[in-house]
Amino acid sequence: MKKIALAAAALVIGTAGASAADLAARPYTKAPAPVAAVYNWTGFYIGADVGYGWGRSTGTLTNAAGLFPVPYSLDPSGVIGGGFVGFNYQISNVVLGVEADWQASDLNDSGNFLLGGVPTYTIRTSVNDYGSVRGRLGLAFDRWMVFGTAGYAWGSWDTSYAFIGAPPFVTAGVSSHDGWTAGAGIEYAFADNWLGRVEYRYTDLGRASFVSPLTNSAEVGNRVTINDVRVGIAYKFGAPAPVVARY
C-alpha cells in the first residue's frame, strides 16, 4: 500500500513540475491596447452662412487734373449672407482642405467731407458682394476642429460722389476686384453628416481709381477692407470610416 501511495505522490509532483515548466516557457504577451473610433473629417461638403461685417473705405477725390484733393474715410457695415463648398482630407489629427465661398452684403456708409475747410461733398460706399477661394489647415479633436484659412478674394462695390444735397455726379462701380483674405474659426460635427462653424475673416479688396473728364473728377485710389464674423452650417457627403486612435 505504501508503494502505491509513493508512486501516486511522485506522479502528482512530476505533473506539477511539468506544468510549471510549460508556464515558464510561454512568452509574455501584452494585452492589446484599447482603441477608440473618432470622427473623420474627410469628405466634400456644402453649406450656408450668415453674419455681420464692418470695414473701411478710404480714398481721395480730386478734379480730373489731380488737383483740389479731398481725402475721405468711411466705415461701411451691415449684414452678410451666402454659401460655401469645400473638401477636407484628414491625416491623423491634421485636416487639409480647400474651400470657396460667396457672400451677398449690405455694408454701406456715407459722410460729408470738406474742400478748403468748407463742407462740400457727400461720399458713399456700398459693398455689394465678395467671395474667395482658400486653403484651410485644421487640427481635429474628435468632433471639434480649429482651423486657419487664407487665399484669393474678389469683390464688388460702388462709391458715389455728390455735392451736398444733390444727386451723385459720378458713381464708381467696381466689379470683381482682386484681393486677398485670411481668418480662423472652429467647427463642430454635431451629427455624422452635419457640421456647424463660427468663423472670423479679414478681406482686403485692394484699390480702384478712375478719371472722369466729363465730370471733371477723379479718384486717386479707393481702398475697401472688410472684417466679418459669420456662423454657418454644412452637410458633409458620405460617411467615411472613422479614424482609429490607439492609447
# chains A, B, ... in the order shown; residues from 1 in each chain; ligands from 1

$ select_by_dssp --residues "stretch 16-217 of chain A" --states "helix (DSSP H, G or I)" --output "compact mmCIF listing (two decimals) with all heavy atoms, in the first residue's frame"
# COMPACT_ATOMS: atom_id res chain seq x y z
N ALA A 16 2.99 18.47 -11.77
CA ALA A 16 3.05 19.89 -11.36
C ALA A 16 4.32 20.55 -11.88
O ALA A 16 4.32 21.68 -12.35
CB ALA A 16 2.97 19.99 -9.84
N GLY A 17 5.42 19.82 -11.81
CA GLY A 17 6.68 20.39 -12.30
C GLY A 17 6.64 20.64 -13.79
O GLY A 17 7.13 21.65 -14.29
N ALA A 18 6.05 19.69 -14.51
CA ALA A 18 5.95 19.87 -15.97
C ALA A 18 5.09 21.07 -16.31
O ALA A 18 5.37 21.85 -17.22
CB ALA A 18 5.40 18.60 -16.60
N SER A 19 3.97 21.25 -15.57
CA SER A 19 3.07 22.40 -15.82
C SER A 19 3.79 23.70 -15.54
O SER A 19 3.67 24.68 -16.28
CB SER A 19 1.82 22.29 -14.94
OG SER A 19 1.10 21.12 -15.27
N ALA A 20 4.57 23.76 -14.44
CA ALA A 20 5.30 24.97 -14.12
C ALA A 20 6.33 25.28 -15.19
O ALA A 20 6.54 26.43 -15.58
CB ALA A 20 5.98 24.81 -12.75
N ALA A 21 6.96 24.24 -15.72
CA ALA A 21 7.96 24.45 -16.78
C ALA A 21 7.30 25.01 -18.04
O ALA A 21 7.83 25.88 -18.72
CB ALA A 21 8.67 23.15 -17.07
N ASP A 22 6.12 24.46 -18.37
CA ASP A 22 5.38 24.95 -19.54
C ASP A 22 5.05 26.42 -19.39
O ASP A 22 5.17 27.21 -20.33
CB ASP A 22 4.10 24.14 -19.73
CG ASP A 22 4.40 22.71 -20.22
OD1 ASP A 22 5.54 22.50 -20.70
OD2 ASP A 22 3.48 21.88 -20.14
N LEU A 23 4.59 26.82 -18.18
CA LEU A 23 4.23 28.21 -17.95
C LEU A 23 5.44 29.11 -18.07
O LEU A 23 5.38 30.21 -18.63
CB LEU A 23 3.61 28.38 -16.55
CG LEU A 23 2.19 27.82 -16.38
CD1 LEU A 23 1.77 27.89 -14.92
CD2 LEU A 23 1.20 28.58 -17.26
N ALA A 24 6.57 28.67 -17.57
CA ALA A 24 7.78 29.48 -17.65
C ALA A 24 8.25 29.63 -19.08
O ALA A 24 8.84 30.63 -19.45
CB ALA A 24 8.88 28.84 -16.78
N ALA A 25 7.98 28.65 -19.91
CA ALA A 25 8.46 28.69 -21.30
C ALA A 25 7.61 29.57 -22.19
O ALA A 25 8.04 30.00 -23.25
CB ALA A 25 8.51 27.26 -21.86

$ residues_around --residues "A:Thr215" --least-positions-apart "6" --cutoff "10 Å" --atoms "only C-alpha atoms" --output "list in words"
Asn63, Ala64, Phe169 and Val170 of chain A

$ residues_around --residues "A:Gly206" --least-positions-apart "5" --cutoff "8 Å" --atoms "only C-alpha atoms" --output "mmCIF file with all heavy atoms, in the first residue's frame"
data_model
loop_
_atom_site.group_PDB
_atom_site.id
_atom_site.type_symbol
_atom_site.label_atom_id
_atom_site.label_comp_id
_atom_site.auth_asym_id
_atom_site.auth_seq_id
_atom_site.Cartn_x
_atom_site.Cartn_y
_atom_site.Cartn_z
ATOM 1 N N HIS A 177 -13.117 93.024 -58.196
ATOM 2 C CA HIS A 177 -11.762 93.498 -57.949
ATOM 3 C C HIS A 177 -10.984 92.456 -57.153
ATOM 4 O O HIS A 177 -11.500 91.837 -56.235
ATOM 5 C CB HIS A 177 -11.802 94.824 -57.200
ATOM 6 C CG HIS A 177 -10.565 95.644 -57.383
ATOM 7 N ND1 HIS A 177 -9.437 95.478 -56.603
ATOM 8 C CD2 HIS A 177 -10.263 96.622 -58.280
ATOM 9 C CE1 HIS A 177 -8.507 96.318 -56.992
ATOM 10 N NE2 HIS A 177 -8.979 97.032 -58.012
ATOM 11 N N ASP A 178 -9.696 92.271 -57.516
ATOM 12 C CA ASP A 178 -8.864 91.257 -56.874
ATOM 13 C C ASP A 178 -8.424 91.687 -55.485
ATOM 14 O O ASP A 178 -8.208 92.876 -55.211
ATOM 15 C CB ASP A 178 -7.614 90.981 -57.720
ATOM 16 C CG ASP A 178 -7.953 90.352 -59.049
ATOM 17 O OD1 ASP A 178 -9.015 89.732 -59.139
ATOM 18 O OD2 ASP A 178 -7.155 90.501 -59.995
ATOM 19 N N GLY A 179 -8.251 90.695 -54.609
ATOM 20 C CA GLY A 179 -7.764 90.962 -53.270
ATOM 21 C C GLY A 179 -7.318 89.674 -52.594
ATOM 22 O O GLY A 179 -7.035 88.670 -53.253
ATOM 23 N N ARG A 223 -9.756 102.327 -51.525
ATOM 24 C CA ARG A 223 -9.413 101.020 -50.962
ATOM 25 C C ARG A 223 -10.531 100.559 -50.032
ATOM 26 O O ARG A 223 -11.004 101.325 -49.186
ATOM 27 C CB ARG A 223 -8.105 101.083 -50.190
ATOM 28 C CG ARG A 223 -7.672 99.725 -49.621
ATOM 29 C CD ARG A 223 -6.474 99.853 -48.717
ATOM 30 N NE ARG A 223 -6.041 98.554 -48.204
ATOM 31 C CZ ARG A 223 -5.233 98.401 -47.166
ATOM 32 N NH1 ARG A 223 -4.767 99.458 -46.523
ATOM 33 N NH2 ARG A 223 -4.889 97.191 -46.763
ATOM 34 N N VAL A 224 -10.937 99.283 -50.176
ATOM 35 C CA VAL A 224 -12.000 98.715 -49.345
ATOM 36 C C VAL A 224 -11.467 97.483 -48.619
ATOM 37 O O VAL A 224 -10.937 96.559 -49.255
ATOM 38 C CB VAL A 224 -13.236 98.348 -50.183
ATOM 39 C CG1 VAL A 224 -14.256 97.580 -49.354
ATOM 40 C CG2 VAL A 224 -13.870 99.604 -50.767
ATOM 41 N N THR A 225 -11.624 97.474 -47.296
ATOM 42 C CA THR A 225 -11.291 96.308 -46.472
ATOM 43 C C THR A 225 -12.505 95.939 -45.636
ATOM 44 O O THR A 225 -13.318 96.795 -45.280
ATOM 45 C CB THR A 225 -10.087 96.588 -45.565
ATOM 46 O OG1 THR A 225 -10.391 97.677 -44.681
ATOM 47 C CG2 THR A 225 -8.853 96.931 -46.391
#

$ residues_around --residues "stretch 145-154 of chain A" --least-positions-apart "4" --cutoff "7 Å" --atoms "only C-alpha atoms" --output "list of chain:residue names"
A:Tyr130, A:Gly131, A:Ser132, A:Val133, A:Arg134, A:Gly135, A:Arg136, A:Leu137, A:Gly138, A:Leu139, A:Ala140, A:Phe141, A:Ser176, A:His177, A:Asp178, A:Gly179, A:Trp180, A:Thr181, A:Ala182, A:Gly183, A:Ala184, A:Gly185, A:Ile186, A:Glu187, A:Tyr188, A:Leu205

$ atom_distance --atom1 "atom CA of A:Asp158" --atom2 "atom CA of A:Ser175"
8.6 Å

$ closest_residue --among "A:Lys236, A:Arg143, A:Arg201, A:Arg230" --to "A:Gly82" --atoms "only C-alpha atoms"
A:Arg230

$ atom_distance --atom1 "atom CA of A:Tyr161" --atom2 "atom CA of A:Val127"
15.2 Å

$ residues_around --residues "A:Tyr121" --least-positions-apart "5" --cutoff "7 Å" --atoms "only C-alpha atoms" --output "count of residues only"
7

$ decode --residues "stretch 108-146 of chain A" --atoms "N, CA and C atoms" --output "PDB file, in the first residue's frame"
ATOM      1  N   ASN A 108     -22.658  99.452 -45.946  1.00  0.00           N
ATOM      2  CA  ASN A 108     -22.669 100.777 -46.548  1.00  0.00           C
ATOM      3  C   ASN A 108     -22.463 101.855 -45.495  1.00  0.00           C
ATOM      4  N   ASP A 109     -21.970 103.013 -45.950  1.00  0.00           N
ATOM      5  CA  ASP A 109     -21.796 104.177 -45.090  1.00  0.00           C
ATOM      6  C   ASP A 109     -21.612 105.397 -45.984  1.00  0.00           C
ATOM      7  N   SER A 110     -21.939 106.559 -45.447  1.00  0.00           N
ATOM      8  CA  SER A 110     -21.764 107.814 -46.176  1.00  0.00           C
ATOM      9  C   SER A 110     -21.360 108.915 -45.206  1.00  0.00           C
ATOM     10  N   GLY A 111     -20.803 109.993 -45.740  1.00  0.00           N
ATOM     11  CA  GLY A 111     -20.400 111.120 -44.907  1.00  0.00           C
ATOM     12  C   GLY A 111     -20.157 112.364 -45.749  1.00  0.00           C
ATOM     13  N   ASN A 112     -20.100 113.512 -45.082  1.00  0.00           N
ATOM     14  CA  ASN A 112     -19.809 114.793 -45.733  1.00  0.00           C
ATOM     15  C   ASN A 112     -18.352 115.162 -45.499  1.00  0.00           C
ATOM     16  N   PHE A 113     -17.705 115.692 -46.546  1.00  0.00           N
ATOM     17  CA  PHE A 113     -16.280 115.970 -46.470  1.00  0.00           C
ATOM     18  C   PHE A 113     -15.975 117.379 -46.975  1.00  0.00           C
ATOM     19  N   LEU A 114     -14.848 117.923 -46.496  1.00  0.00           N
ATOM     20  CA  LEU A 114     -14.518 119.330 -46.686  1.00  0.00           C
ATOM     21  C   LEU A 114     -13.638 119.552 -47.908  1.00  0.00           C
ATOM     22  N   LEU A 115     -13.844 120.669 -48.553  1.00  0.00           N
ATOM     23  CA  LEU A 115     -12.939 121.182 -49.576  1.00  0.00           C
ATOM     24  C   LEU A 115     -12.569 122.599 -49.155  1.00  0.00           C
ATOM     25  N   GLY A 116     -11.282 122.785 -48.831  1.00  0.00           N
ATOM     26  CA  GLY A 116     -10.846 124.091 -48.361  1.00  0.00           C
ATOM     27  C   GLY A 116     -11.503 124.508 -47.061  1.00  0.00           C
ATOM     28  N   GLY A 117     -11.802 123.530 -46.202  1.00  0.00           N
ATOM     29  CA  GLY A 117     -12.413 123.823 -44.920  1.00  0.00           C
ATOM     30  C   GLY A 117     -13.911 123.993 -44.958  1.00  0.00           C
ATOM     31  N   VAL A 118     -14.509 123.845 -46.129  1.00  0.00           N
ATOM     32  CA  VAL A 118     -15.953 124.028 -46.286  1.00  0.00           C
ATOM     33  C   VAL A 118     -16.597 122.678 -46.610  1.00  0.00           C
ATOM     34  N   PRO A 119     -17.659 122.255 -45.881  1.00  0.00           N
ATOM     35  CA  PRO A 119     -18.355 121.017 -46.244  1.00  0.00           C
ATOM     36  C   PRO A 119     -18.883 121.099 -47.669  1.00  0.00           C
ATOM     37  N   THR A 120     -18.410 120.206 -48.536  1.00  0.00           N
ATOM     38  CA  THR A 120     -18.712 120.315 -49.964  1.00  0.00           C
ATOM     39  C   THR A 120     -19.283 119.035 -50.555  1.00  0.00           C
ATOM     40  N   TYR A 121     -18.693 117.891 -50.233  1.00  0.00           N
ATOM     41  CA  TYR A 121     -19.050 116.639 -50.906  1.00  0.00           C
ATOM     42  C   TYR A 121     -19.701 115.648 -49.941  1.00  0.00           C
ATOM     43  N   THR A 122     -20.656 114.883 -50.474  1.00  0.00           N
ATOM     44  CA  THR A 122     -21.179 113.687 -49.810  1.00  0.00           C
ATOM     45  C   THR A 122     -20.649 112.476 -50.566  1.00  0.00           C
ATOM     46  N   ILE A 123     -19.967 111.598 -49.852  1.00  0.00           N
ATOM     47  CA  ILE A 123     -19.385 110.401 -50.475  1.00  0.00           C
ATOM     48  C   ILE A 123     -19.985 109.188 -49.779  1.00  0.00           C
ATOM     49  N   ARG A 124     -20.336 108.176 -50.564  1.00  0.00           N
ATOM     50  CA  ARG A 124     -20.992 106.982 -50.029  1.00  0.00           C
ATOM     51  C   ARG A 124     -20.385 105.733 -50.655  1.00  0.00           C
ATOM     52  N   THR A 125     -20.136 104.709 -49.836  1.00  0.00           N
ATOM     53  CA  THR A 125     -19.655 103.416 -50.329  1.00  0.00           C
ATOM     54  C   THR A 125     -20.631 102.318 -49.932  1.00  0.00           C
ATOM     55  N   SER A 126     -20.964 101.445 -50.892  1.00  0.00           N
ATOM     56  CA  SER A 126     -21.806 100.269 -50.651  1.00  0.00           C
ATOM     57  C   SER A 126     -21.089  99.040 -51.197  1.00  0.00           C
ATOM     58  N   VAL A 127     -20.835  98.073 -50.319  1.00  0.00           N
ATOM     59  CA  VAL A 127     -20.215  96.811 -50.749  1.00  0.00           C
ATOM     60  C   VAL A 127     -21.341  95.868 -51.171  1.00  0.00           C
ATOM     61  N   ASN A 128     -21.278  95.384 -52.403  1.00  0.00           N
ATOM     62  CA  ASN A 128     -22.360  94.562 -52.963  1.00  0.00           C
ATOM     63  C   ASN A 128     -22.196  93.076 -52.656  1.00  0.00           C
ATOM     64  N   ASP A 129     -21.005  92.561 -52.894  1.00  0.00           N
ATOM     65  CA  ASP A 129     -20.730  91.152 -52.632  1.00  0.00           C
ATOM     66  C   ASP A 129     -19.236  90.919 -52.652  1.00  0.00           C
ATOM     67  N   TYR A 130     -18.824  89.772 -52.113  1.00  0.00           N
ATOM     68  CA  TYR A 130     -17.422  89.379 -52.176  1.00  0.00           C
ATOM     69  C   TYR A 130     -17.317  87.873 -51.941  1.00  0.00           C
ATOM     70  N   GLY A 131     -16.216  87.314 -52.425  1.00  0.00           N
ATOM     71  CA  GLY A 131     -16.029  85.865 -52.319  1.00  0.00           C
ATOM     72  C   GLY A 131     -14.560  85.516 -52.281  1.00  0.00           C
ATOM     73  N   SER A 132     -14.279  84.214 -52.210  1.00  0.00           N
ATOM     74  CA  SER A 132     -12.883  83.792 -52.099  1.00  0.00           C
ATOM     75  C   SER A 132     -12.713  82.334 -52.481  1.00  0.00           C
ATOM     76  N   VAL A 133     -11.465  81.966 -52.768  1.00  0.00           N
ATOM     77  CA  VAL A 133     -11.024  80.576 -52.892  1.00  0.00           C
ATOM     78  C   VAL A 133      -9.798  80.454 -52.009  1.00  0.00           C
ATOM     79  N   ARG A 134      -9.823  79.503 -51.045  1.00  0.00           N
ATOM     80  CA  ARG A 134      -8.816  79.472 -49.992  1.00  0.00           C
ATOM     81  C   ARG A 134      -8.333  78.059 -49.688  1.00  0.00           C
ATOM     82  N   GLY A 135      -7.165  77.978 -49.111  1.00  0.00           N
ATOM     83  CA  GLY A 135      -6.709  76.760 -48.482  1.00  0.00           C
ATOM     84  C   GLY A 135      -7.081  76.802 -47.005  1.00  0.00           C
ATOM     85  N   ARG A 136      -7.195  75.621 -46.400  1.00  0.00           N
ATOM     86  CA  ARG A 136      -7.502  75.539 -44.969  1.00  0.00           C
ATOM     87  C   ARG A 136      -6.574  74.527 -44.306  1.00  0.00           C
ATOM     88  N   LEU A 137      -6.207  74.809 -43.067  1.00  0.00           N
ATOM     89  CA  LEU A 137      -5.396  73.906 -42.261  1.00  0.00           C
ATOM     90  C   LEU A 137      -6.042  73.802 -40.891  1.00  0.00           C
ATOM     91  N   GLY A 138      -6.434  72.574 -40.522  1.00  0.00           N
ATOM     92  CA  GLY A 138      -7.142  72.390 -39.265  1.00  0.00           C
ATOM     93  C   GLY A 138      -6.471  71.380 -38.360  1.00  0.00           C
ATOM     94  N   LEU A 139      -6.833  71.438 -37.095  1.00  0.00           N
ATOM     95  CA  LEU A 139      -6.383  70.476 -36.094  1.00  0.00           C
ATOM     96  C   LEU A 139      -7.635  69.905 -35.431  1.00  0.00           C
ATOM     97  N   ALA A 140      -7.838  68.594 -35.596  1.00  0.00           N
ATOM     98  CA  ALA A 140      -9.072  67.950 -35.150  1.00  0.00           C
ATOM     99  C   ALA A 140      -8.902  67.325 -33.772  1.00  0.00           C
ATOM    100  N   PHE A 141      -9.933  67.487 -32.962  1.00  0.00           N
ATOM    101  CA  PHE A 141     -10.041  66.839 -31.659  1.00  0.00           C
ATOM    102  C   PHE A 141     -11.371  66.091 -31.640  1.00  0.00           C
ATOM    103  N   ASP A 142     -11.361  64.888 -32.258  1.00  0.00           N
ATOM    104  CA  ASP A 142     -12.582  64.117 -32.456  1.00  0.00           C
ATOM    105  C   ASP A 142     -13.580  64.947 -33.260  1.00  0.00           C
ATOM    106  N   ARG A 143     -14.691  65.374 -32.664  1.00  0.00           N
ATOM    107  CA  ARG A 143     -15.730  66.107 -33.401  1.00  0.00           C
ATOM    108  C   ARG A 143     -15.514  67.619 -33.418  1.00  0.00           C
ATOM    109  N   TRP A 144     -14.478  68.100 -32.763  1.00  0.00           N
ATOM    110  CA  TRP A 144     -14.129  69.511 -32.799  1.00  0.00           C
ATOM    111  C   TRP A 144     -12.939  69.731 -33.729  1.00  0.00           C
ATOM    112  N   MET A 145     -12.925  70.881 -34.394  1.00  0.00           N
ATOM    113  CA  MET A 145     -11.771  71.230 -35.212  1.00  0.00           C
ATOM    114  C   MET A 145     -11.562  72.739 -35.171  1.00  0.00           C
ATOM    115  N   VAL A 146     -10.325  73.160 -34.918  1.00  0.00           N
ATOM    116  CA  VAL A 146      -9.937  74.563 -35.059  1.00  0.00           C
ATOM    117  C   VAL A 146      -9.157  74.677 -36.369  1.00  0.00           C
TER     118      VAL A 146
END
